[in-house]
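Everything below belongs to work_8.cif, which stores mmCIF, C-alpha atoms.
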```cif
data_run
loop_
_atom_site.group_PDB
_atom_site.id
_atom_site.type_symbol
_atom_site.label_atom_id
_atom_site.label_comp_id
_atom_site.auth_asym_id
_atom_site.auth_seq_id
_atom_site.Cartn_x
_atom_site.Cartn_y
_atom_site.Cartn_z
ATOM 1 C CA MET K 46 -2.565 10.946 17.885
ATOM 2 C CA TYR K 47 -1.401 9.706 14.475
ATOM 3 C CA LYS K 48 -0.175 12.506 12.218
ATOM 4 C CA ARG K 49 1.389 10.606 9.299
ATOM 5 C CA ILE K 50 -0.608 7.590 8.152
ATOM 6 C CA LEU K 51 0.620 5.326 5.351
ATOM 7 C CA VAL K 52 -1.899 3.191 3.446
ATOM 8 C CA PRO K 53 -0.623 0.561 0.989
ATOM 9 C CA ILE K 54 -2.982 0.129 -1.962
ATOM 10 C CA ASP K 55 -3.165 -2.817 -4.357
ATOM 11 C CA LEU K 56 -4.507 -1.149 -7.481
ATOM 12 C CA ALA K 57 -5.534 -4.553 -8.853
ATOM 13 C CA ASP K 58 -8.036 -4.835 -5.971
ATOM 14 C CA VAL K 59 -9.002 -1.340 -4.803
ATOM 15 C CA GLU K 60 -12.192 -2.710 -3.208
ATOM 16 C CA LEU K 61 -10.083 -4.643 -0.715
ATOM 17 C CA ALA K 62 -8.307 -1.415 0.280
ATOM 18 C CA LYS K 63 -11.469 0.643 0.846
ATOM 19 C CA PRO K 64 -11.950 -0.347 4.526
ATOM 20 C CA ALA K 65 -8.294 0.519 5.253
ATOM 21 C CA ILE K 66 -8.643 3.843 3.439
ATOM 22 C CA ALA K 67 -11.833 4.664 5.369
ATOM 23 C CA THR K 68 -10.131 3.814 8.668
ATOM 24 C CA ALA K 69 -7.077 5.922 7.818
ATOM 25 C CA LEU K 70 -9.267 8.865 6.794
ATOM 26 C CA MET K 71 -11.213 8.706 10.064
ATOM 27 C CA MET K 72 -8.011 8.585 12.110
ATOM 28 C CA ALA K 73 -6.381 11.393 10.124
ATOM 29 C CA ARG K 74 -9.410 13.647 10.526
ATOM 30 C CA GLU K 75 -9.512 13.039 14.273
ATOM 31 C CA SER K 76 -5.866 14.010 14.711
ATOM 32 C CA ASN K 77 -5.573 16.585 11.908
ATOM 33 C CA GLY K 78 -3.084 14.223 10.301
ATOM 34 C CA SER K 79 -2.250 13.343 6.726
ATOM 35 C CA VAL K 80 -2.562 10.186 4.639
ATOM 36 C CA ARG K 81 -0.056 8.853 2.128
ATOM 37 C CA LEU K 82 -1.217 6.192 -0.306
ATOM 38 C CA VAL K 83 1.502 3.881 -1.626
ATOM 39 C CA ASN K 84 1.349 1.353 -4.439
ATOM 40 C CA VAL K 85 4.165 -1.071 -5.141
ATOM 41 C CA LEU K 86 4.815 -2.323 -8.652
ATOM 42 C CA PRO K 87 6.622 -5.649 -8.946
ATOM 43 C CA MET K 88 9.906 -5.822 -10.807
ATOM 44 C CA THR K 89 9.680 -7.278 -14.307
ATOM 45 C CA PRO K 90 11.253 -10.739 -14.216
ATOM 46 C CA VAL K 91 14.483 -10.890 -16.207
ATOM 47 C CA MET K 92 13.232 -13.840 -18.250
ATOM 48 C CA LEU K 93 10.298 -11.728 -19.485
ATOM 49 C CA ALA K 94 12.275 -8.560 -20.192
ATOM 50 C CA GLU K 95 12.855 -9.364 -23.853
ATOM 51 C CA TYR K 96 9.119 -9.928 -24.435
ATOM 52 C CA VAL K 97 7.853 -6.604 -23.141
ATOM 53 C CA PRO K 98 8.201 -3.196 -24.793
ATOM 54 C CA PRO K 99 11.278 -1.168 -23.776
ATOM 55 C CA ASP K 100 9.093 1.398 -22.007
ATOM 56 C CA PHE K 101 6.940 -1.203 -20.229
ATOM 57 C CA GLU K 102 7.944 -0.173 -16.708
ATOM 58 C CA ALA K 103 7.412 3.520 -17.509
ATOM 59 C CA GLN K 104 3.943 2.706 -18.876
ATOM 60 C CA GLN K 105 3.135 0.660 -15.769
ATOM 61 C CA ARG K 106 4.294 3.476 -13.489
ATOM 62 C CA ALA K 107 2.282 6.126 -15.380
ATOM 63 C CA SER K 108 -0.833 3.954 -15.247
ATOM 64 C CA ALA K 109 -0.370 3.284 -11.519
ATOM 65 C CA GLU K 110 0.229 6.974 -10.760
ATOM 66 C CA GLU K 111 -2.958 7.915 -12.587
ATOM 67 C CA ALA K 112 -4.991 5.221 -10.806
ATOM 68 C CA ILE K 113 -3.707 6.029 -7.321
ATOM 69 C CA GLY K 114 -4.355 9.710 -8.018
ATOM 70 C CA ILE K 115 -7.998 8.870 -8.717
ATOM 71 C CA VAL K 116 -8.232 6.920 -5.455
ATOM 72 C CA ALA K 117 -6.755 9.910 -3.596
ATOM 73 C CA LYS K 118 -9.270 12.335 -5.147
ATOM 74 C CA GLU K 119 -12.157 10.033 -4.197
ATOM 75 C CA THR K 120 -11.211 10.364 -0.507
ATOM 76 C CA GLY K 121 -12.309 13.991 -0.475
ATOM 77 C CA LEU K 122 -9.195 15.097 1.431
ATOM 78 C CA GLY K 123 -7.438 18.223 0.239
ATOM 79 C CA PRO K 124 -4.052 17.965 -1.471
ATOM 80 C CA ASP K 125 -2.380 19.209 1.705
ATOM 81 C CA LYS K 126 -3.734 16.162 3.603
ATOM 82 C CA ILE K 127 -3.257 13.326 1.107
ATOM 83 C CA THR K 128 -0.307 12.365 -1.053
ATOM 84 C CA THR K 129 0.512 9.391 -3.243
ATOM 85 C CA VAL K 130 3.587 7.502 -4.330
ATOM 86 C CA VAL K 131 4.294 4.563 -6.624
ATOM 87 C CA ARG K 132 7.323 2.445 -5.771
ATOM 88 C CA GLN K 133 8.803 -0.600 -7.423
ATOM 89 C CA GLY K 134 10.226 -3.695 -5.776
ATOM 90 C CA THR K 135 9.250 -6.242 -3.136
ATOM 91 C CA ILE K 136 5.927 -5.228 -1.622
ATOM 92 C CA ASP K 137 6.677 -5.554 2.088
ATOM 93 C CA ARG K 138 10.152 -4.018 1.817
ATOM 94 C CA GLU K 139 8.905 -1.054 -0.191
ATOM 95 C CA ILE K 140 6.087 -0.392 2.286
ATOM 96 C CA LEU K 141 8.540 -0.497 5.189
ATOM 97 C CA ASP K 142 11.010 1.752 3.333
ATOM 98 C CA GLU K 143 8.275 4.281 2.542
ATOM 99 C CA ALA K 144 7.135 4.306 6.175
ATOM 100 C CA LYS K 145 10.684 4.964 7.309
ATOM 101 C CA LYS K 146 11.329 7.612 4.636
ATOM 102 C CA THR K 147 8.170 9.571 5.491
ATOM 103 C CA HIS K 148 8.404 9.040 9.264
ATOM 104 C CA ALA K 149 4.963 7.424 9.281
ATOM 105 C CA ASP K 150 3.619 6.832 12.754
ATOM 106 C CA LEU K 151 0.922 4.399 11.569
ATOM 107 C CA ILE K 152 0.486 1.994 8.678
ATOM 108 C CA VAL K 153 -3.127 1.015 7.942
ATOM 109 C CA MET K 154 -3.421 -1.868 5.532
ATOM 110 C CA SER K 155 -5.975 -4.377 4.358
ATOM 111 C CA SER K 156 -5.427 -8.087 4.450
ATOM 112 C CA HIS K 157 -7.215 -11.083 3.024
ATOM 113 C CA ARG K 158 -8.346 -13.727 5.461
ATOM 114 C CA ALA K 159 -5.421 -15.927 6.343
ATOM 115 C CA GLY K 160 -5.383 -19.171 4.433
ATOM 116 C CA LEU K 161 -3.136 -22.195 4.384
ATOM 117 C CA ARG K 162 -0.872 -20.637 1.758
ATOM 118 C CA THR K 163 -0.245 -17.454 3.729
ATOM 119 C CA TYR K 164 -0.082 -19.340 7.032
ATOM 120 C CA PHE K 165 3.106 -21.075 5.953
ATOM 121 C CA LEU K 166 4.644 -18.472 3.629
ATOM 122 C CA GLY K 167 3.630 -15.333 5.461
ATOM 123 C CA SER K 168 1.739 -12.493 3.853
ATOM 124 C CA ASN K 169 2.884 -8.998 3.020
ATOM 125 C CA ALA K 170 0.776 -7.721 5.912
ATOM 126 C CA GLY K 171 2.433 -10.227 8.239
ATOM 127 C CA HIS K 172 5.894 -9.086 7.221
ATOM 128 C CA VAL K 173 4.970 -5.428 7.637
ATOM 129 C CA VAL K 174 3.537 -6.112 11.109
ATOM 130 C CA ARG K 175 6.674 -7.992 12.146
ATOM 131 C CA TYR K 176 9.255 -5.505 10.900
ATOM 132 C CA ALA K 177 7.627 -2.057 11.023
ATOM 133 C CA THR K 178 9.111 0.434 13.440
ATOM 134 C CA CYS K 179 5.748 2.199 13.782
ATOM 135 C CA SER K 180 2.285 0.979 14.716
ATOM 136 C CA VAL K 181 0.424 -1.138 12.162
ATOM 137 C CA LEU K 182 -3.328 -1.596 11.940
ATOM 138 C CA VAL K 183 -4.480 -4.491 9.769
ATOM 139 C CA VAL K 184 -8.073 -4.132 8.597
ATOM 140 C CA ARG K 185 -9.549 -7.514 7.734
ATOM 141 C CA GLN K 186 -11.913 -8.116 4.852
ATOM 142 C CA GLN K 187 -15.473 -8.420 6.151
ATOM 143 C CA THR K 188 -17.157 -11.777 5.633
ATOM 144 C CA ASP K 189 -20.855 -12.464 5.932
#
```

If you took the structure in this file and wrote it as structure tokens, what would it be?
Amino acid sequence: MYKRILVPIDLADVELAKPAIATALMMARESNGSVRLVNVLPMTPVMLAEYVPPDFEAQQRASAEEAIGIVAKETGLGPDKITTVVRQGTIDREILDEAKKTHADLIVMSSHRAGLRTYFLGSNAGHVVRYATCSVLVVRQQTD
């Protein structure tokens, strides 16, 4: 059913992404599809640029690529079934751009429980759901 599944990963909170990863893996196995993990690095604010090393963004990217590679290996999928990418920019826009670029037919992403702050401002997951041209499955964090 779904052949190209995109899973956004926040490397600062990989535990939050684990239910989405598990769901994507199950769906990919059922349809002989593939999974692409994407992490989005924020842009360094201009006002901080003079306080960080000149190669700060390159260091951040290398660290993120290494970390997302570890997450991919932990899935147990072969390299022909799982790929990774690190992008930089606004989270929701970069996820949507990656989905379009790779012709994803499903985005599986985790989301925190909606709170007052995200109710008014909108979350990244909310923006992806609203503007994605493919199906989106939002996996909520389990609460006891």

Using all atoms listed in the file, can you tell me which of K:Arg106, K:Lys145, K:Arg49, K:Arg74 comes closest to Leu122 of chain K?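 Once distances to Leu122 of chain K are computed over all atoms listed in the file, the minimum belongs to K:Arg74.
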
Residues near Ala103 of chain K, cut-off 12 Å, all atoms listed in the file, skip fewer than 2 positions along chain, as a ChimeraX atom specification: /K:86,88-89,97-101,105-110,131-133

Please measure the separation of atom CA of Asp58 of chain K and atom CA of Met46 of chain K, giving the value in Å to one decimal.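 Computing the Euclidean distance for atom CA of Asp58 of chain K and atom CA of Met46 of chain K yields 29.1 Å.
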
Near Val183 of chain K, counting all atoms listed in the file, which residues have an atom at most 6 Å away, once you skip same-chain residues fewer than 4 positions from it, shown as a PyMOL selection string? chain K and resi 153-155

d(atom CA of Val184 of chain K, atom CA of Asn77 of chain K) in Å: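 Interatomic distance here is 21.1 Å.
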
With distances taken over all atoms listed in the file, which of K:Leu182, K:Ile54, K:Ile136, K:Ala177 is nearest to Leu82 of chain K?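 Of all the options, K:Ile54 lies closest to Leu82 of chain K.
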
Separating atom CA of Ala73 of chain K from atom CA of Lys126 of chain K, to the nearest tenth of an Å, is a gap of 8.5 Å

Taking the file as shown, what set of residues would the PyMOL selection byres ((chain K and resi 178) around 12) give back, as number ranges by chain? K: 140-146, 148-152, 172-177, 179-181

Resolved residues for the PyMOL selection byres ((chain K and resi 83) around 7) as a ChimeraX atom specification: /K:52-54,81-82,84-85,129-131

I need the chosen residues saved as a PDB file, in the frame of the given file, with C-alpha atoms.
```pdb
ATOM      1  CA  VAL K  52      -1.899   3.191   3.446  1.00  0.00           C
ATOM      2  CA  PRO K  53      -0.623   0.561   0.989  1.00  0.00           C
ATOM      3  CA  ILE K  54      -2.982   0.129  -1.962  1.00  0.00           C
ATOM      4  CA  ARG K  81      -0.056   8.853   2.128  1.00  0.00           C
ATOM      5  CA  LEU K  82      -1.217   6.192  -0.306  1.00  0.00           C
ATOM      6  CA  ASN K  84       1.349   1.353  -4.439  1.00  0.00           C
ATOM      7  CA  VAL K  85       4.165  -1.071  -5.141  1.00  0.00           C
ATOM      8  CA  THR K 129       0.512   9.391  -3.243  1.00  0.00           C
ATOM      9  CA  VAL K 130       3.587   7.502  -4.330  1.00  0.00           C
ATOM     10  CA  VAL K 131       4.294   4.563  -6.624  1.00  0.00           C
TER      11      VAL K 131
END
```

Between K:Val80, K:Asn169, K:Gln104, K:Thr147, which one has atoms that come closest to Ile66 of chain K, using only C-alpha atoms?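 Smallest separation from Ile66 of chain K among the options: K:Val80.
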
Each side padded by 6 Å, which centre and which edge lengths in Å (one decimal) define the axis-aligned box around the listed atoms of segment 98-113 of chain K? Give them as JSON.
```
{"center_x": 3.1, "center_y": 2.4, "center_z": -16.1, "size_x": 28.3, "size_y": 23.1, "size_z": 29.5}
```
